[in-house]
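A.B. asks: Handing you this structure, nothing more for now.
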Amino acid sequence: MNPTVESKLKRIPPGPGVYLYKDAAAQTIYVGKAKSLRNRVRTYFQLSADLDVRKDQMMDAIEDVEFIMTDTEGEALALENNLIKQYKPKYNILLRDDKTYPYIRLTVNEPYPRTMITRRVRKDGAAYFGPFFPAGLARKSLKLIERYFLIRNCNIRIDGKRPRPCLQYYIHRCLGPCVDGLTAFDQYQEAVKDVRLFLEGRNNDLIERLQAKMEQASVGEQYEVAAHYRDAIDTMETLAERQKMAVMGYDDIDIFGYAQEDNLVAVSVFHMRGGRVVDKRELFWEDLENFESGEFFQSVVKQYYVDAPFIPVEIHVPVDFEDRDLLEQWLSERRGRKVEIRTPQRGAKRELMELVNRNASLSFLQRFRAAMPSVATISRQIEEALDLDKPPRRIECFDISNLQGSDVVASMVVWEDAKMKKGDYRRFIIRSLSGLPDDFQSMREVVTRRYKRVQEQGLAMPDLVLIDGGIGQLHAAQSALDELNVVDQPLASIAKKEEIIYIAGREDEPIILERRSPALRVIQQIRDESHRFAITFHRERRGRRTFASELNEIEGVGLKTTQRLLTHFGSLTKIREASVDDLQSVVNRPQAEAVWKHFH
């Protein structure tokens, strides 16, 4: 045993807390919590007859140990979870493919608040509502807000200096605070109050406000406005009735099921709300050695719920585990009512768990054994991963290519109905640069040119604009769309190497998809095709310039002759291999002889 570790084992504190094992490089390789640090940690270093290869490897790697004392075991539970997320220790079971459910963020900390979907709740002064099950419910709620309350969901700067509002104003989906004089500040704040009541589920209070506004508009003979409020009241009453029916149903229940083979594990989680399954989530692991179901679900359930903003009344798991009572107590305190973690043995709840297990088996086969899923499935996965309004049918992707600022070009490739549509590819020669290369300005130019042409020709915008690059390229593309007054266009970028996806307007919430994810593979395929197309065009232009410079050295061969030769033969190699007669079919006899003699 390492002398440092041995000396620290003699001074282990007796109470609850967290312990961290570290390797020779001072990297945290395991984090655990204990009701009694002294008893738990010492058991690790006692000889055991159990064969556990993973544990033996970890013990051999330990070069140091640290302790953090807490007042209660519950505090240790929360601290353990936070440290696992922070350090991602090699020997802990980590929650992979950690999709979180969406919230709606209302930026009440801004003069003209806006609504947007987010998957991260922060203490930033904004108001957060959710989570939404299923995820599509958040987008539907945003559409209702646009339709009936008309507050903005864009991310443009509101200073009243824009010359004209965007399309959302003209189709009565926004009050237009971006243009001075279109809406009063107090009028906008009243709309924000309505939105807040809607998102808080206070539909009765909201309906009363809307009825008062409808009557006021009717008295003022603003019949179109009154009809708008009447439609809003009808929708809110329908929603209120649905909520009442849901409350009368069963409690909220989350059900876990799993399938496991060797070191591969798939977990399905069904979310029941109001007595019916409203959504499911899938999680995958590929590198679990010495799988033990109790230890596995103890780690997964703790990481899944300890920091979760929403906690169901019941959690059903396929196996019991050591910290079940402690976790029940901790979650009950956070929810404010009793939370139970159960392992159903019989009856309808056991049958439901078997159903979840069967779904986990199907997910296991699709992820680890099956080929690429169907077109519809891939589109739905991209929709969910990027929070789009609908499954994308058409994606247009842009890339910039240059060599030290020379021959700067751009490409646009198109993915439509699950395949590359090469007939719609476009190539661009960048014209706006003077001097040093500037990928951001180049991206701004090509996006402007593309979608200005789309507007002029009355064509439809794609379901997603994808940028090959990071946040800088994303912002350049967004500024181009802003200049064209396109404010409701889904826009994302994928950074090379790290394969991080950034969504316009949510750059602080980057998306990292699991490497086996079919959605990620499709996005990578589109990005790589855009890069290939840009590189090919760049090499072609550079090659033509190189060929032209060599041919121009030949006496009697000018620029037009060079262009005719390159157009006909396609490459310098084929010109070099051509006979005098072949060359004469393109240029006159003296020029053909001059070119042939130059190469021979």
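Letters A, B, ... mark the chains of the structure tokens in the order given; residue numbers begin at 1 per chain; ligand numbers begin at 1, in order shown.
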Excluding Asp180 of chain A and its own-chain neighbours fewer than 2 positions away, which residues fall within 8 Å of it when counting only C-alpha atoms? Please give them as a PyMOL selection string.

C.D. replies: chain A and resi 160-162+177-178+182-183

A.B. asks: Do you know which residues are at most 7 Å from Val319 of chain A counting only C-alpha atoms, after dropping those on the same chain fewer than 2 positions away, and could you put them as a PyMOL selection string?

C.D. replies: chain A and resi 293-294+317+321+343

A.B. asks: Just write the chosen residues, C-alpha atoms, as an mmCIF file, in the first residue's frame.

C.D. replies:
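Wrote part.cif, looks like this:
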data_model
loop_
_atom_site.group_PDB
_atom_site.id
_atom_site.type_symbol
_atom_site.label_atom_id
_atom_site.label_comp_id
_atom_site.auth_asym_id
_atom_site.auth_seq_id
_atom_site.Cartn_x
_atom_site.Cartn_y
_atom_site.Cartn_z
ATOM 1 C CA SER A 293 -27.584 -4.594 -11.163
ATOM 2 C CA GLY A 294 -28.031 -3.253 -7.602
ATOM 3 C CA VAL A 317 -36.798 0.095 -10.402
ATOM 4 C CA PHE A 321 -30.304 -1.220 -3.791
ATOM 5 C CA THR A 343 -39.568 -2.768 -6.968
#

A.B. asks: Find the residues around segment 279-291 of chain A up to 8 Å (only C-alpha atoms counted), leave out those fewer than 6 positions away in its own chain, and share them as an mmCIF file with C-alpha atoms, in the first residue's frame.

C.D. replies:
data_model
loop_
_atom_site.group_PDB
_atom_site.id
_atom_site.type_symbol
_atom_site.label_atom_id
_atom_site.label_comp_id
_atom_site.auth_asym_id
_atom_site.auth_seq_id
_atom_site.Cartn_x
_atom_site.Cartn_y
_atom_site.Cartn_z
ATOM 1 C CA ASP A 52 -13.817 -8.237 -9.056
ATOM 2 C CA VAL A 53 -11.404 -7.287 -11.807
ATOM 3 C CA ARG A 54 -12.603 -3.695 -12.004
ATOM 4 C CA ILE A 93 -20.865 4.371 -13.166
ATOM 5 C CA LEU A 95 -25.020 8.585 -16.430
ATOM 6 C CA ARG A 96 -24.468 8.654 -20.210
ATOM 7 C CA ASP A 97 -26.432 10.351 -22.993
ATOM 8 C CA ASP A 98 -27.778 12.684 -20.332
ATOM 9 C CA PHE A 133 -43.336 15.867 -20.937
ATOM 10 C CA PRO A 134 -43.002 15.110 -23.796
ATOM 11 C CA ASP A 262 -21.525 -8.458 -21.513
ATOM 12 C CA ASN A 263 -20.394 -4.855 -20.954
ATOM 13 C CA LEU A 264 -23.321 -3.314 -22.880
ATOM 14 C CA VAL A 265 -26.401 -1.949 -21.089
ATOM 15 C CA ALA A 266 -29.553 -0.206 -22.341
ATOM 16 C CA VAL A 267 -31.981 1.459 -19.924
ATOM 17 C CA SER A 268 -35.499 2.663 -20.732
ATOM 18 C CA VAL A 269 -37.347 5.128 -18.498
ATOM 19 C CA PHE A 270 -41.094 5.562 -18.935
ATOM 20 C CA HIS A 271 -42.689 8.749 -17.556
ATOM 21 C CA MET A 272 -46.335 8.334 -16.457
ATOM 22 C CA ALA A 360 -35.178 -1.688 -23.168
ATOM 23 C CA SER A 363 -33.561 -0.318 -27.670
#

A.B. asks: With only C-alpha atoms as the atoms that count, which of A:Leu79, A:Phe297, A:Pro13, A:Arg273 lies nearest to Phe132 of chain A?

C.D. replies: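 Smallest distance to Phe132 of chain A is found for A:Arg273.
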
A.B. asks: Excluding segment 512-515 of chain A and any residue of its chain fewer than 2 positions from it, enumerate the residues within 8 Å of it, using only C-alpha atoms, and give them as a JSON list (two decimals) with all heavy atoms, in the first residue's frame.

C.D. replies:
[["chain", "number", "residue", "atom", "x", "y", "z"],
["A", 96, "ARG", "N", -24.84, 8.28, -18.85],
["A", 96, "ARG", "CA", -24.47, 8.65, -20.21],
["A", 96, "ARG", "C", -25.67, 9.16, -20.99],
["A", 96, "ARG", "O", -26.81, 8.90, -20.65],
["A", 96, "ARG", "CB", -23.88, 7.44, -20.94],
["A", 96, "ARG", "CG", -22.68, 6.84, -20.23],
["A", 96, "ARG", "CD", -21.47, 7.75, -20.29],
["A", 96, "ARG", "NE", -20.35, 7.22, -19.54],
["A", 96, "ARG", "CZ", -19.47, 6.35, -20.01],
["A", 96, "ARG", "NH1", -19.60, 5.89, -21.23],
["A", 96, "ARG", "NH2", -18.46, 5.94, -19.27],
["A", 97, "ASP", "N", -25.38, 9.85, -22.11],
["A", 97, "ASP", "CA", -26.43, 10.35, -22.99],
["A", 97, "ASP", "C", -27.48, 11.12, -22.18],
["A", 97, "ASP", "O", -28.67, 10.91, -22.27],
["A", 97, "ASP", "CB", -27.11, 9.19, -23.72],
["A", 97, "ASP", "CG", -27.91, 9.68, -24.93],
["A", 97, "ASP", "OD1", -27.76, 10.84, -25.34],
["A", 97, "ASP", "OD2", -28.67, 8.87, -25.45],
["A", 385, "ALA", "N", -33.02, 16.23, -30.55],
["A", 385, "ALA", "CA", -31.69, 16.65, -30.09],
["A", 385, "ALA", "C", -31.49, 18.15, -30.22],
["A", 385, "ALA", "O", -30.86, 18.78, -29.37],
["A", 385, "ALA", "CB", -30.61, 15.90, -30.87],
["A", 499, "GLU", "N", -16.90, 17.73, -31.94],
["A", 499, "GLU", "CA", -18.25, 17.32, -32.35],
["A", 499, "GLU", "C", -19.30, 17.89, -31.40],
["A", 499, "GLU", "O", -20.25, 17.21, -31.00],
["A", 499, "GLU", "CB", -18.36, 15.79, -32.43],
["A", 499, "GLU", "CG", -17.31, 15.11, -33.29],
["A", 499, "GLU", "CD", -17.41, 15.49, -34.77],
["A", 499, "GLU", "OE1", -17.66, 16.67, -35.07],
["A", 499, "GLU", "OE2", -17.24, 14.62, -35.61],
["A", 500, "ILE", "N", -19.11, 19.16, -31.03],
["A", 500, "ILE", "CA", -20.07, 19.86, -30.19],
["A", 500, "ILE", "C", -21.04, 20.63, -31.08],
["A", 500, "ILE", "O", -20.62, 21.30, -32.01],
["A", 500, "ILE", "CB", -19.36, 20.82, -29.22],
["A", 500, "ILE", "CG1", -18.44, 20.03, -28.28],
["A", 500, "ILE", "CG2", -20.37, 21.63, -28.41],
["A", 500, "ILE", "CD1", -17.60, 20.91, -27.39],
["A", 501, "ILE", "N", -22.32, 20.53, -30.79],
["A", 501, "ILE", "CA", -23.35, 21.22, -31.57],
["A", 501, "ILE", "C", -23.83, 22.44, -30.79],
["A", 501, "ILE", "O", -24.17, 22.33, -29.60],
["A", 501, "ILE", "CB", -24.52, 20.29, -31.88],
["A", 501, "ILE", "CG1", -24.03, 19.08, -32.70],
["A", 501, "ILE", "CG2", -25.62, 21.03, -32.65],
["A", 501, "ILE", "CD1", -25.08, 18.01, -32.91],
["A", 510, "PRO", "N", -24.31, 24.00, -25.10],
["A", 510, "PRO", "CA", -23.87, 23.14, -26.20],
["A", 510, "PRO", "C", -24.39, 21.72, -26.04],
["A", 510, "PRO", "O", -24.60, 21.24, -24.92],
["A", 510, "PRO", "CB", -22.34, 23.19, -26.10],
["A", 510, "PRO", "CG", -22.06, 23.58, -24.70],
["A", 510, "PRO", "CD", -23.19, 24.47, -24.27],
["A", 517, "SER", "N", -24.81, 7.77, -31.54],
["A", 517, "SER", "CA", -26.13, 8.31, -31.86],
["A", 517, "SER", "C", -26.34, 8.41, -33.37],
["A", 517, "SER", "O", -25.53, 9.04, -34.08],
["A", 517, "SER", "CB", -26.29, 9.69, -31.23],
["A", 517, "SER", "OG", -27.38, 10.38, -31.81],
["A", 520, "LEU", "N", -26.30, 12.02, -34.54],
["A", 520, "LEU", "CA", -24.96, 12.60, -34.68],
["A", 520, "LEU", "C", -24.30, 12.12, -35.95],
["A", 520, "LEU", "O", -23.65, 12.90, -36.67],
["A", 520, "LEU", "CB", -24.09, 12.24, -33.46],
["A", 520, "LEU", "CG", -22.64, 12.73, -33.53],
["A", 520, "LEU", "CD1", -22.58, 14.24, -33.62],
["A", 520, "LEU", "CD2", -21.84, 12.22, -32.34],
["A", 521, "ARG", "N", -24.47, 10.84, -36.28],
["A", 521, "ARG", "CA", -23.83, 10.30, -37.48],
["A", 521, "ARG", "C", -24.35, 10.99, -38.74],
["A", 521, "ARG", "O", -23.58, 11.28, -39.66],
["A", 521, "ARG", "CB", -24.04, 8.79, -37.56],
["A", 521, "ARG", "CG", -23.36, 8.02, -36.45],
["A", 521, "ARG", "CD", -22.93, 6.63, -36.89],
["A", 521, "ARG", "NE", -24.02, 5.80, -37.30],
["A", 521, "ARG", "CZ", -24.69, 4.96, -36.50],
["A", 521, "ARG", "NH1", -24.39, 4.92, -35.22],
["A", 521, "ARG", "NH2", -25.66, 4.21, -36.96]]

A.B. asks: Please tabulate, as a Markdown table, the residues of segment 330-386 of chain A that come within 12 Å of segment 99-120 of chain A, each with its closest pair of atoms and the distance in Å to one decimal, counting only C-alpha atoms and ordering rows by chain, then residue number upward.

C.D. replies:
| residue | atom | partner | partner_atom | distance |
| --- | --- | --- | --- | --- |
| A:Gln381 | CA | A:Lys99 | CA | 11.8 |
| A:Glu384 | CA | A:Lys99 | CA | 9.7 |
| A:Ala385 | CA | A:Lys99 | CA | 8.4 |
| A:Leu386 | CA | A:Ile117 | CA | 10.6 |

A.B. asks: Could you give me, as CSV, a per-residue list for segment 351-382 of chain A showing, wherever an atom lies at most 9 Å from an atom of segment 416-433 of chain A, the closest pair of atoms and their distance in Å to one decimal, using only C-alpha atoms and sorting by chain then residue number from low to high?

C.D. replies:
residue,atom,partner,partner_atom,distance
A:Val375,CA,A:Ala418,CA,5.8
A:Ala376,CA,A:Ala418,CA,8.6
A:Ile378,CA,A:Ala418,CA,8.2
A:Ser379,CA,A:Ala418,CA,8.0

A.B. asks: Take the residues from that selection and put them in a file with C-alpha atoms, as a PDB file, in the first residue's frame.

C.D. replies:
ATOM      1  CA  VAL A 375     -35.590   7.875 -42.131  1.00  0.00           C
ATOM      2  CA  ALA A 376     -38.488   8.953 -39.911  1.00  0.00           C
ATOM      3  CA  ILE A 378     -33.496   9.708 -37.673  1.00  0.00           C
ATOM      4  CA  SER A 379     -35.469  12.874 -38.411  1.00  0.00           C
TER       5      SER A 379
END

A.B. asks: Any chance you could list, as an MDAnalysis selection string, the residues in segment 227-329 of chain A that come up helix (DSSP H, G or I) when DSSP is run on the backbone?

C.D. replies: chainID A and resid 227:247 293:305 324:329

A.B. asks: From the DSSP assignment of the backbone, select every residue of segment 390-545 of chain A that is strand (DSSP E), and format the answer as an MDAnalysis selection string.

C.D. replies: chainID A and resid 394:403 406:416 419:420 426:429 464:468 491:494 501:503
